[in-house]
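Chemist: Below you will find the structure I want to go over with you.
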Amino acid sequence: MAELLMVEAINDAFHVELDRDDSVMVMGEDVGRAGGVFRATAGLRERFGDRRCVDTPLAEAGILGTAVGLCMAGWRPVTEMQYDAFSYPCLDQLITHVGRYHWRTGGGMEFPLVIRMPYGGGVRAPELHDDSPETYYVHTPGVKVAIPSTPADAKGLLAAAIRDPDPVVIFEPKLIYRSERCEVPDGDYVVPLGKARLAREGTDVTLVAYGAMVPLCERAADELEGEASVEVLDLRSLKPLDEAALLASAAKTGRVVIVQEAPRVNGFAGELAAILAEKAILDLRGPVLRVTGYDVPYPYWKIEDTYMPSVERVVGAVRKLLAF
Amino acid sequence: MARVAPGEHELRRVIDDDREVDGLGEHELLQLYRSMVLLRTYDERSVVYHRQGRIGTYAIFWNHEAMQAGAVHALEDEDWIFPSYRESAIGLLRGMPAATILHWWRGHPAGWWNPADYNVASICVPIATHVPHAVGLAWGKKLKGESAVSIAFFGDGATSEGAFHEGANFAGVMQAPAILFCNNNHWAISTPLSAQTHAAALVDKAVGYGMPGVRVDGGDVLAVFEATREAAERARSGGGPTFIEAVSYRAAPHATADDPRAYIDLERVEQEKRNECLGRYERYLRRLGLLGDELEAEIKNDAAEAMRAGIAAAEAEPEPDADLLFEHAYVDPPPGMREGSDG
């Protein structure tokens, strides 16, 4: 086991997966010579060559569109979108082709491509470097979505995505790319898609989160120490969703707060709340609450802390629910 | 950086110049004719089938047969074709049953095919988004050391799309063995070419991507064949992509749901109909003494028979099982896929 930062764990996954399977290739803006603007792909071009770690033109729809053709030629392309909000041009290819092509061929061809991107706010960055666009992706049929919150999961989920026969999107929380070193298993390591992780066990209330909101929820649980026993459920994968883990935790605590940094309207928290309303209503002792971003463009960073869910807001929601 | 000469504006022609194409003997010339007749018959029958309520809305390709047959005959079987909806029946030239394509237009899942069975990609319904696919495939084959070439068919309107630009630019940068085949029929539904671009000619776009551009008479099947063969040879030998602008004129409605009388130049349409591509090629073959009344009738009967068999097979197919709704949305479906409106 090595102690790695999340971005180092991703880099480790790449080295293992490119070594394991000759058909895996990496492509995107600045992924080769520079090793990625966050260094996630550092060293790949040197080790595996410029045919398997490709600096592409600055064209997100072109990156994903050519990746579709590369799949047809037998490759397993792992594309990088440099930032969350830079990925929007690729949604054209995602929605019109990536999520549909396997179906369109009557199951004849597979499109085992991966889209990965750093996402989320709180990093004091310029406009359009802070978005949480997971809803656009998870709403698209034919596409799977995973979001790690620890270095080990970042490695294991990327490996699972690369090996998955369907297109998989990985959102990497850039806020915690370099926040903490954690133990990451060496070599071959896969975290299967669709298995949630109980980040903390508790009995009074469940905080449901993914990505950068998981450590935030753990801090909120610390804050509530002695006041409430808080369970933190890290979904790890939005599709496939570990609905059993969600329902089991809701049944256990009877109180659920969902935390997402994306804008509230039609966010994934709404989907989770709907599942709880349909399937867990008799287990619940109060309303399902959401702590989310607002229905506004992600703000200039001098005031971004007001936008981002905070420990204080999460603790406030828990207290409100306990008092219901 | 490549040095590429600006595209030629002069249309390349063979039939009107009464030239012959090297390497095309009597057999090849007649095979090309058979393909054009098959496509023409498919198209004309499909319009009838639509009027009879036997297929749904249908995108007509009448007078585009020279471009489709000329280009496909210039390729090897290993080469991949990426059709737009205007080339919906191009799989016929690769042995795809007519019934499969008729199913596609009947909204039946039996109209899906596995592209790897024919090296023909699925019909692209949105405009130009398949251009990057064709480029990615060609680039991927080149990376694997395989010799296959790809061709993407798209119209003049597609050159306004971002996907065209991104695909063409990737093709140049990666030196992908791809052919970007623009069927410039001057109309995108009701929008004329002049409202689509201010460029003097679409072929001029090629120079911006660092690739050769060729302009051919799209109604001249042999000119299309010759230009595509040249592009395929260049691609296969490591010379990278080519942009072909095939100039034609849309002499039929955009689709069965369209009435072009509101916007099109009817005189020009009549002129185009008098000079349509199949008739031009028939007259050429007759001048060479390769086609007589009897052979023409035989070839047209064969095509008509293929279509009769195709529609019969399509109509004999049982209605699809509604459970097919859930087939192939994923290779490995997430557990929530089937959850729907029944709570």
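Residues in the structure tokens are numbered from 1 in each chain, the chains being A, B, ... in the order shown, and ligands are numbered from 1 in the order shown.
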Please report as CSV every residue of chain A lying within 8 Å of chain B, along with the nearest atom pair and their distance in Å (one decimal), using only C-alpha atoms.
Modeler:
residue,atom,partner,partner_atom,distance
A:Arg51,CA,B:Leu143,CA,6.8
A:Thr56,CA,B:Phe170,CA,7.9
A:Pro57,CA,B:Phe170,CA,6.9
A:Ala59,CA,B:Glu166,CA,6.4
A:Ala61,CA,B:Ala163,CA,6.9
A:Gly62,CA,B:Glu166,CA,5.0
A:Gly65,CA,B:Pro132,CA,4.8
A:Thr66,CA,B:Gly136,CA,3.8
A:Ala67,CA,B:Gly136,CA,6.1
A:Val68,CA,B:His133,CA,5.6
A:Gly69,CA,B:Leu137,CA,4.0
A:Leu70,CA,B:Gly136,CA,4.9
A:Cys71,CA,B:Leu137,CA,7.5
A:Met72,CA,B:Leu137,CA,6.0
A:Ala73,CA,B:Leu137,CA,5.3
A:Gly74,CA,B:Gly140,CA,7.6
A:Trp75,CA,B:Gly140,CA,7.1
A:Gln93,CA,B:Thr129,CA,7.0
A:Thr96,CA,B:Pro126,CA,7.6
A:Gly99,CA,B:Ala329,CA,7.8
A:Arg100,CA,B:Ala329,CA,7.0
A:His102,CA,B:His328,CA,6.4
A:Trp103,CA,B:His328,CA,4.6
A:Arg104,CA,B:Trp112,CA,5.9
A:Thr105,CA,B:Asn114,CA,4.9
A:Gly106,CA,B:Trp112,CA,5.5
A:Gly107,CA,B:His328,CA,5.1
A:Gly108,CA,B:Asn114,CA,4.7
A:Met109,CA,B:Asn114,CA,6.5
A:Glu110,CA,B:Val331,CA,7.4
A:Pro141,CA,B:Ala329,CA,7.2
A:Gly142,CA,B:Tyr330,CA,5.4
A:Val143,CA,B:Tyr330,CA,7.9
A:Pro165,CA,B:Val331,CA,6.2
A:Asp166,CA,B:Val331,CA,6.0
A:Lys239,CA,B:Pro334,CA,6.5
A:Pro240,CA,B:Pro334,CA,4.6
A:Leu241,CA,B:Pro334,CA,7.4
A:Glu278,CA,B:Gly343,CA,7.4
Chemist: Would you please extract all helix (DSSP H, G or I) residues from stretch 28-263 of chain B, as assigned by DSSP on the backbone, and give them as a PyMOL selection string?
Modeler: chain B and resi 28-51+65-73+85-87+90-94+98-105+109-111+115-118+131-143+157-160+162-174+193-195+202-208+221-236+260-262
Chemist: Selected residues, C-alpha atoms, written as a CSV table (one decimal), in the first residue's frame, please.
Modeler:
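The new file again27.csv reads:
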chain,number,residue,atom,x,y,z
B,28,GLU,CA,-16.7,-2.7,-63.6
B,29,LEU,CA,-18.6,-0.1,-65.6
B,30,LEU,CA,-21.7,-2.3,-65.6
B,31,GLN,CA,-21.4,-3.2,-61.9
B,32,LEU,CA,-21.4,0.6,-61.3
B,33,TYR,CA,-24.5,0.9,-63.4
B,34,ARG,CA,-26.2,-1.9,-61.5
B,35,SER,CA,-25.5,-0.2,-58.2
B,36,MET,CA,-26.9,3.1,-59.4
B,37,VAL,CA,-30.0,1.4,-60.7
B,38,LEU,CA,-30.4,-0.5,-57.4
B,39,LEU,CA,-30.2,2.8,-55.4
B,40,ARG,CA,-32.5,4.6,-57.8
B,41,THR,CA,-35.1,1.8,-57.6
B,42,TYR,CA,-34.8,1.7,-53.8
B,43,ASP,CA,-35.4,5.5,-53.7
B,44,GLU,CA,-38.3,5.6,-56.1
B,45,ARG,CA,-40.0,2.7,-54.5
B,46,SER,CA,-39.6,4.1,-51.0
B,47,VAL,CA,-41.4,7.3,-52.0
B,48,VAL,CA,-44.3,5.1,-53.2
B,49,TYR,CA,-44.2,2.9,-50.1
B,50,HIS,CA,-44.4,6.0,-48.0
B,51,ARG,CA,-47.4,7.2,-49.9
B,65,GLU,CA,-26.9,7.9,-56.8
B,66,ALA,CA,-23.8,8.8,-58.8
B,67,MET,CA,-22.1,10.3,-55.7
B,68,GLN,CA,-23.0,7.3,-53.5
B,69,ALA,CA,-22.2,4.5,-56.0
B,70,GLY,CA,-19.2,6.2,-57.5
B,71,ALA,CA,-17.6,6.7,-54.1
B,72,VAL,CA,-18.4,3.3,-52.7
B,73,HIS,CA,-17.1,1.5,-55.8
B,85,TYR,CA,-29.7,9.9,-43.6
B,86,ARG,CA,-29.3,11.0,-47.3
B,87,GLU,CA,-27.2,7.8,-47.8
B,90,ILE,CA,-25.8,2.8,-49.2
B,91,GLY,CA,-25.5,-0.5,-47.3
B,92,LEU,CA,-27.2,-2.2,-50.3
B,93,LEU,CA,-23.9,-1.7,-52.1
B,94,ARG,CA,-22.2,-3.8,-49.3
B,98,ALA,CA,-33.2,-4.0,-48.6
B,99,ALA,CA,-35.5,-5.2,-45.8
B,100,THR,CA,-33.1,-4.0,-43.1
B,101,ILE,CA,-33.1,-0.5,-44.5
B,102,LEU,CA,-36.9,-0.6,-45.0
B,103,HIS,CA,-37.2,-1.6,-41.4
B,104,TRP,CA,-35.2,1.4,-40.4
B,105,TRP,CA,-37.7,3.6,-42.1
B,109,PRO,CA,-35.8,-2.5,-34.4
B,110,ALA,CA,-34.9,-5.0,-37.1
B,111,GLY,CA,-33.7,-1.9,-38.9
B,115,PRO,CA,-21.8,-1.9,-38.5
B,116,ALA,CA,-18.9,-4.5,-38.4
B,117,ASP,CA,-21.0,-6.8,-40.6
B,118,TYR,CA,-20.8,-4.5,-43.6
B,131,VAL,CA,-17.7,13.2,-39.2
B,132,PRO,CA,-15.6,12.8,-36.0
B,133,HIS,CA,-16.6,9.2,-35.9
B,134,ALA,CA,-15.3,8.5,-39.3
B,135,VAL,CA,-12.1,10.3,-38.5
B,136,GLY,CA,-11.7,8.5,-35.2
B,137,LEU,CA,-12.2,5.1,-36.9
B,138,ALA,CA,-9.6,5.9,-39.6
B,139,TRP,CA,-7.1,7.2,-37.0
B,140,GLY,CA,-7.7,4.1,-34.8
B,141,LYS,CA,-7.1,1.8,-37.8
B,142,LYS,CA,-3.9,3.7,-38.6
B,143,LEU,CA,-2.8,3.4,-34.9
B,157,GLY,CA,-25.4,22.4,-44.7
B,158,ALA,CA,-23.2,20.1,-42.6
B,159,THR,CA,-20.2,22.3,-43.3
B,160,SER,CA,-21.7,24.9,-41.1
B,162,GLY,CA,-19.1,22.6,-35.4
B,163,ALA,CA,-18.8,18.8,-35.6
B,164,PHE,CA,-17.7,19.1,-39.2
B,165,HIS,CA,-15.0,21.5,-38.2
B,166,GLU,CA,-13.8,19.5,-35.3
B,167,GLY,CA,-13.8,16.3,-37.3
B,168,ALA,CA,-12.0,17.8,-40.2
B,169,ASN,CA,-9.4,19.4,-38.0
B,170,PHE,CA,-8.7,16.2,-36.2
B,171,ALA,CA,-8.4,14.4,-39.6
B,172,GLY,CA,-5.7,16.9,-40.6
B,173,VAL,CA,-3.8,16.8,-37.3
B,174,MET,CA,-3.9,13.1,-37.0
B,193,LEU,CA,-26.0,27.3,-50.1
B,194,SER,CA,-25.7,31.1,-50.2
B,195,ALA,CA,-27.2,31.3,-46.7
B,202,LEU,CA,-16.9,24.6,-50.1
B,203,VAL,CA,-13.8,23.0,-51.4
B,204,ASP,CA,-11.8,26.0,-50.2
B,205,LYS,CA,-12.4,24.8,-46.6
B,206,ALA,CA,-9.9,21.9,-47.2
B,207,VAL,CA,-6.9,24.2,-47.3
B,208,GLY,CA,-7.7,25.4,-43.8
B,221,VAL,CA,-20.4,8.8,-61.5
B,222,LEU,CA,-17.1,8.2,-63.1
B,223,ALA,CA,-15.7,11.6,-62.0
B,224,VAL,CA,-16.8,10.7,-58.4
B,225,PHE,CA,-15.2,7.3,-58.7
B,226,GLU,CA,-11.9,8.7,-60.0
B,227,ALA,CA,-11.7,11.4,-57.3
B,228,THR,CA,-12.6,9.0,-54.5
B,229,ARG,CA,-10.2,6.3,-55.7
B,230,GLU,CA,-7.4,8.9,-55.7
B,231,ALA,CA,-8.3,10.0,-52.2
B,232,ALA,CA,-8.5,6.4,-50.9
B,233,GLU,CA,-5.1,5.6,-52.5
B,234,ARG,CA,-3.6,8.7,-50.9
B,235,ALA,CA,-5.1,7.8,-47.5
B,236,ARG,CA,-4.0,4.2,-47.6
B,260,PRO,CA,-40.0,22.5,-52.1
B,261,ARG,CA,-42.3,24.5,-54.4
B,262,ALA,CA,-42.4,27.2,-51.7
Chemist: Restricting the calculation to only C-alpha atoms: of B:Asp79, B:Glu245, B:Asp17, B:Asp258, which residue gets closest to B:Gly155?
Modeler: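 Nearest to B:Gly155: B:Glu245.
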Chemist: Mind the document's chain letters and residue numbers, and return as a PyMOL selection string the residues of stretch 71-233 of chain B that DSSP labels strand (DSSP E or B).
Modeler: chain B and resi 80-82+84+120+124+150-155+178-184+187-188+191-192+213-217
Chemist: Which polymer residues have any atom within 10 Å of an atom of A:Asp50, counting only C-alpha atoms, with same-chain residues fewer than 2 positions away left out, as a PyMOL selection string?
Modeler: chain A and resi 25-27+32-33+44-48+52-55
Chemist: Find the residues near A:His129: any atom within 9 Å, counting only C-alpha atoms, skip ones fewer than 6 places away on the same chain, and give them as a PDB file with C-alpha atoms, in the first residue's frame.
Modeler:
ATOM      1  CA  TYR A  83     -12.474  21.112 -16.593  1.00  0.00           C
ATOM      2  CA  ASP A  84     -16.103  20.415 -15.723  1.00  0.00           C
ATOM      3  CA  ALA A  85     -17.560  23.361 -17.625  1.00  0.00           C
ATOM      4  CA  PHE A  86     -15.237  22.857 -20.599  1.00  0.00           C
ATOM      5  CA  PRO A 118     -12.049  17.390 -12.621  1.00  0.00           C
ATOM      6  CA  TYR A 119     -15.214  18.979 -11.290  1.00  0.00           C
ATOM      7  CA  GLY A 120     -16.535  21.220  -8.555  1.00  0.00           C
ATOM      8  CA  GLY A 121     -15.900  24.475  -6.752  1.00  0.00           C
ATOM      9  CA  VAL A 123     -10.819  26.199  -5.499  1.00  0.00           C
TER      10      VAL A 123
END
Chemist: Which residue gives the smallest distance to A:Leu94 among A:Met81, A:Ile162, A:Leu64, A:Val265, with only C-alpha atoms counted?
Modeler: A:Leu64
Chemist: So that I can check the surroundings of B:Glu315, please list as a list in words every protein, DNA and RNA residue that reaches within 10 Å of it, counting only C-alpha atoms and ignoring chain neighbours fewer than 2 positions away.
Modeler: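 Selected residues are Arg54, Ile55, Ala99, Leu102, His103, Arg106, Ala309, Gly310, Ile311, Ala312, Ala313, Glu317, Pro318 and Glu319 of chain B.
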Chemist: Need the shell around A:Glu312: protein/DNA/RNA residues with any atom at most 12 Å away, counting only C-alpha atoms. Skip same-chain ones fewer than 2 positions apart. Format as a list in words?
Modeler: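 Near neighbours after the sequence-gap exclusion: Leu216, Cys217, Arg219, Ala220, Ala221, Asp222, Glu223, Leu224, Val291, Asp305, Thr306, Met308, Pro309, Ser310, Val314, Val315, Gly316, Ala317, Val318 and Arg319 of chain A.
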Chemist: Could those residues be written to a file, using C-alpha atoms, as a PDB file, in the first residue's frame?
Modeler:
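Okay, selection_29.pdb is ready:
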ATOM      1  CA  LEU A 216     -17.549  17.863   4.190  1.00  0.00           C
ATOM      2  CA  CYS A 217     -20.275  15.604   5.595  1.00  0.00           C
ATOM      3  CA  ARG A 219     -16.673  17.170   9.214  1.00  0.00           C
ATOM      4  CA  ALA A 220     -20.333  17.945   9.861  1.00  0.00           C
ATOM      5  CA  ALA A 221     -20.630  14.572  11.637  1.00  0.00           C
ATOM      6  CA  ASP A 222     -17.633  15.528  13.792  1.00  0.00           C
ATOM      7  CA  GLU A 223     -19.308  18.823  14.600  1.00  0.00           C
ATOM      8  CA  LEU A 224     -22.421  16.961  15.735  1.00  0.00           C
ATOM      9  CA  VAL A 291     -28.339  21.024   1.135  1.00  0.00           C
ATOM     10  CA  ASP A 305     -18.102  30.028   0.007  1.00  0.00           C
ATOM     11  CA  THR A 306     -21.638  31.335   0.277  1.00  0.00           C
ATOM     12  CA  MET A 308     -20.930  25.949  -1.603  1.00  0.00           C
ATOM     13  CA  PRO A 309     -22.638  23.738   0.952  1.00  0.00           C
ATOM     14  CA  SER A 310     -20.774  24.249   4.234  1.00  0.00           C
ATOM     15  CA  VAL A 314     -25.237  20.700   6.790  1.00  0.00           C
ATOM     16  CA  VAL A 315     -25.273  20.843  10.597  1.00  0.00           C
ATOM     17  CA  GLY A 316     -28.199  23.279  10.411  1.00  0.00           C
ATOM     18  CA  ALA A 317     -30.161  20.862   8.210  1.00  0.00           C
ATOM     19  CA  VAL A 318     -29.472  17.965  10.594  1.00  0.00           C
ATOM     20  CA  ARG A 319     -30.637  19.980  13.607  1.00  0.00           C
TER      21      ARG A 319
END
Chemist: Show me, as a compact mmCIF listing (two decimals) with C-alpha atoms, in the first residue's frame, the residues that have an atom within 9 Å of stretch 283-298 of chain B when counting only C-alpha atoms, minus same-chain residues fewer than 4 positions from it.
Modeler:
# COMPACT_ATOMS: atom_id res chain seq x y z
CA ILE B 15 -18.68 11.58 -68.83
CA ASP B 16 -19.14 15.00 -70.43
CA ASP B 18 -15.99 11.62 -73.01
CA GLU B 26 -16.76 -3.45 -69.11
CA LEU B 29 -18.61 -0.14 -65.59
CA LEU B 30 -21.71 -2.32 -65.63
CA TYR B 33 -24.51 0.89 -63.37
CA LEU B 278 -28.50 7.83 -64.03
CA GLY B 279 -29.61 8.95 -67.50
CA ASP B 302 -33.39 -7.31 -61.11
CA ALA B 303 -33.47 -4.16 -58.99
